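What follows is the content of run.txt, which has compact mmCIF, C-alpha atoms:
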# COMPACT_ATOMS: atom_id res chain seq x y z
CA MET A 1364 136.22 67.08 108.40
CA SER A 1365 139.20 68.12 106.30
CA GLN A 1366 142.78 66.94 106.75
CA GLU A 1367 143.69 70.39 108.13
CA GLN A 1368 140.87 70.27 110.70
CA ALA A 1369 141.95 66.77 111.73
CA GLU A 1370 145.54 67.96 112.26
CA GLN A 1371 144.32 70.93 114.32
CA LEU A 1372 142.20 68.61 116.44
CA MET A 1373 145.16 66.30 117.05
CA GLN A 1374 147.35 69.26 118.05
CA GLN A 1375 144.67 70.48 120.45
CA MET A 1376 144.44 67.00 121.95
CA GLN A 1377 148.22 66.87 122.48
CA MET A 1378 148.19 70.30 124.11
CA LEU A 1379 145.31 69.25 126.39
CA GLU A 1380 147.13 66.06 127.38
CA THR A 1381 150.25 68.10 128.26
CA TYR A 1382 148.12 70.59 130.21
CA PHE A 1383 146.38 67.74 132.07
CA ALA A 1384 149.74 66.17 132.99
CA ASP A 1385 150.99 69.57 134.23
CA LEU A 1386 147.87 69.99 136.36
CA SER A 1387 148.32 66.50 137.82
CA GLN A 1388 151.92 67.30 138.73
CA ARG A 1389 150.86 70.61 140.28
CA GLU A 1390 148.12 68.87 142.26
CA ASN A 1391 150.63 66.32 143.61
CA THR A 1392 152.95 69.16 144.65
CA PHE A 1393 150.13 70.92 146.50
CA LEU A 1394 149.15 67.66 148.23
CA GLY A 1395 152.77 67.17 149.33
CA VAL A 1396 152.93 70.69 150.78
CA PHE A 1397 149.56 70.11 152.47
CA ARG A 1398 150.84 66.92 154.14
CA GLU A 1399 154.06 68.67 155.18
CA ALA A 1400 152.19 71.61 156.74
CA THR A 1401 149.84 69.26 158.59
CA ALA A 1402 152.80 67.25 159.91
CA ALA A 1403 154.51 70.48 161.04
CA ILE A 1404 151.42 71.50 163.01
CA GLU A 1405 151.29 68.08 164.70
CA SER A 1406 155.00 68.34 165.54
CA ILE A 1407 154.56 71.79 167.08
CA LYS A 1408 151.63 70.54 169.15
CA SER A 1409 153.73 67.60 170.31
CA LEU A 1410 156.61 69.91 171.27
CA SER A 1411 154.28 72.10 173.29
CA LYS A 1412 153.27 69.04 175.37
CA ASN A 1413 156.80 67.72 175.78
CA PRO A 1414 159.39 70.53 175.49
CA GLU A 1415 162.34 68.12 175.87
CA SER A 1416 162.52 65.14 173.55
CA ASP A 1417 164.99 62.99 171.66
CA THR A 1418 165.12 63.17 167.90
CA LEU A 1419 167.30 62.46 164.88
CA VAL A 1420 168.70 65.25 162.74
CA PRO A 1421 169.42 64.36 159.10
CA ILE A 1422 172.93 65.31 157.98
CA GLY A 1423 172.69 63.91 154.46
CA LEU A 1424 172.50 60.72 152.44
CA GLY A 1425 170.35 58.88 154.99
CA THR A 1426 172.69 59.70 157.88
CA TYR A 1427 171.32 61.00 161.18
CA VAL A 1428 172.69 62.40 164.42
CA PRO A 1429 170.75 61.72 167.63
CA THR A 1430 170.04 64.91 169.54
CA LYS A 1431 167.76 66.43 172.16
CA ILE A 1432 165.20 69.11 171.42
CA SER A 1433 164.77 71.58 174.20
CA SER A 1434 162.16 74.07 173.17
CA ASN A 1435 161.77 77.58 174.46
CA SER A 1436 158.31 77.74 172.85
CA LYS A 1437 159.68 79.45 169.73
CA ILE A 1438 159.64 78.23 166.15
CA ILE A 1439 161.63 79.57 163.20
CA LEU A 1440 159.44 79.78 160.09
CA ASN A 1441 160.71 80.27 156.57
CA ILE A 1442 158.15 82.65 155.06
CA GLY A 1443 159.69 82.78 151.58
CA ALA A 1444 162.29 84.76 149.64
CA GLY A 1445 164.99 83.62 152.07
CA VAL A 1446 163.26 85.29 155.02
CA ALA A 1447 162.74 83.44 158.32
CA VAL A 1448 160.87 84.74 161.36
CA GLU A 1449 160.64 83.59 164.96
CA LYS A 1450 157.13 82.88 166.25
CA ASP A 1451 155.65 81.37 169.37
CA PHE A 1452 153.90 78.01 169.03
CA ALA A 1453 150.37 79.44 168.70
CA SER A 1454 151.43 82.01 166.07
CA ALA A 1455 153.34 79.37 164.12
CA ILE A 1456 150.30 77.07 164.11
CA ASN A 1457 148.05 79.96 162.99
CA TYR A 1458 150.48 80.79 160.17
CA LEU A 1459 150.60 77.17 159.02
CA GLU A 1460 146.81 76.82 159.21
CA GLU A 1461 146.45 79.90 156.98
CA ARG A 1462 148.87 78.35 154.50
CA ILE A 1463 146.84 75.13 154.59
CA LYS A 1464 143.68 77.10 153.69
CA GLU A 1465 145.52 78.63 150.71
CA ILE A 1466 146.76 75.19 149.65
CA GLU A 1467 143.26 73.71 149.91
CA ILE A 1468 141.95 76.45 147.60
CA ALA A 1469 144.78 75.76 145.15
CA ILE A 1470 144.03 72.01 145.25
CA GLN A 1471 140.31 72.64 144.57
CA ASP A 1472 141.12 75.03 141.72
CA THR A 1473 143.57 72.56 140.17
CA ALA A 1474 141.09 69.69 140.51
CA ALA A 1475 138.39 71.77 138.75
CA LYS A 1476 140.81 72.61 135.93
CA LYS A 1477 141.77 68.93 135.64
CA GLN A 1478 138.11 67.94 135.43
CA ASP A 1479 137.52 70.53 132.69
CA ALA A 1480 140.60 69.36 130.75
CA ALA A 1481 139.50 65.71 131.08
CA GLN A 1482 136.05 66.60 129.78
CA ARG A 1483 137.54 68.46 126.82
CA LEU A 1484 139.82 65.48 126.11
CA GLU A 1485 136.79 63.16 126.07
CA GLN A 1486 135.01 65.50 123.65
CA GLY A 1487 138.10 65.52 121.45
CA LYS A 1488 138.29 61.73 121.48
CA ALA A 1489 134.62 61.57 120.45
CA GLN A 1490 135.37 63.93 117.55
CA VAL A 1491 138.34 61.77 116.50
CA ASN A 1492 136.12 58.66 116.61
CA GLN A 1493 133.48 60.40 114.46
CA MET A 1494 136.19 61.46 112.04
CA MET A 1495 137.55 57.90 111.81
CA GLN A 1496 134.06 56.50 111.18
CA ALA A 1497 133.45 59.09 108.47
CA MET A 1498 136.75 58.21 106.79
CA GLN A 1499 135.87 54.49 106.83
CA GLN A 1500 132.48 55.11 105.22
CA PRO A 1501 133.11 57.43 102.28
CA GLY A 1502 130.08 59.10 100.78
CA GLN A 1503 128.08 59.12 104.01
CA PRO A 1504 127.81 62.23 106.19
CA PRO A 1505 129.43 62.02 109.65
CA GLN A 1506 127.11 60.87 112.39
CA SER A 1507 126.37 63.32 115.17
CA GLY A 1508 126.67 61.95 118.65
What would the structure in this file look like if it were written as structure tokens?
Amino acid sequence: MSQEQAEQLMQQMQMLETYFADLSQRENTFLGVFREATAAIESIKSLSKNPESDTLVPIGLGTYVPTKISSNSKIILNIGAGVAVEKDFASAINYLEERIKEIEIAIQDTAAKKQDAAQRLEQGKAQVNQMMQAMQQPGQPPQSG
């Protein structure tokens, strides 16, 4: 393996490591959204059983105001691009469950990409090890593994 090939391999390894870190961050974001959507569904179900309840409303920097929730069986959902819609409890739960399905697909896709990147990183590390062995034993052909 020439010096140029070794440098290319090292650059590819760095790019793969950056890509893997990006995928890990993306996966964590998806998992956070998944947990948030699941918690929202549980909250809506709880509200439907007990339409009047006490709660705390955050007003910033760890400060809360105690208040009462009195539900009229409507939920306001932010659907993106600054648009919010009013839905009944069942429709809101259906919407959130659809979002959860999309998130699950994104998590599976990201996990598959992470696995592929990890496999390619392992292959690259094996090539680097072969290259190092070949450099330590001049005159002998590199061993195939």
I want to know what sits within 8 Å of segment 1407-1412 of chain A, based on all atoms listed in the file, with residues of the same chain fewer than 5 positions away left out; could you give that as a PyMOL selection string?
chain A and resi 1434+1436+1452+1456
So that I can check the surroundings of Val1491 of chain A, please list as a PyMOL selection string every protein, DNA and RNA residue that reaches within 10 Å of it, counting all atoms listed in the file and ignoring chain neighbours fewer than 4 positions away.
chain A and resi 1364+1369+1372-1373+1376+1485-1487+1495-1497
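The neighbours of Thr1381 of chain A here are the residues that come within 12 Å of it, using only C-alpha atoms and leaving out any residue fewer than 4 positions away in the same chain; they are Gln1374, Gln1375, Met1376, Gln1377, Asp1385, Leu1386, Ser1387, Gln1388, Lys1477, Ala1480, Ala1481 and Leu1484 of chain A.
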For Ile1404 of chain A, find every residue with an atom within 12 Å (counting all atoms listed in the file), except residues of its own chain fewer than 2 positions away, and show them as a count of residues only.
26
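The coordinates place atom CA of Ile1432 of chain A at 5.4 Å from atom CA of Glu1415 of chain A.
Residues in contact range of Asn1435 of chain A, defined as at most 9 Å between all atoms listed in the file, with sequence neighbours fewer than 2 positions away removed, read Pro1414, Ser1433, Lys1437, Ile1438 and Asp1451 of chain A.
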Length of the atom CA of Asp1472 of chain A to atom CA of Ala1384 of chain A vector [Å]:
15.1 Å
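Going from atom CA of Ser1365 of chain A over to atom CA of Tyr1382 of chain A, you cover 25.6 Å.
With distances restricted to only C-alpha atoms, A:Thr1392 is the closest residue to Ala1469 of chain A from A:Thr1392, A:Ser1416, A:Gln1490, A:Gln1482.
Of the residues listed (A:Ile1439, A:Leu1394, A:Ile1422, A:Ala1489), A:Leu1394 shows the shortest atom-to-atom separation from Ile1468 of chain A; distances use all atoms listed in the file.
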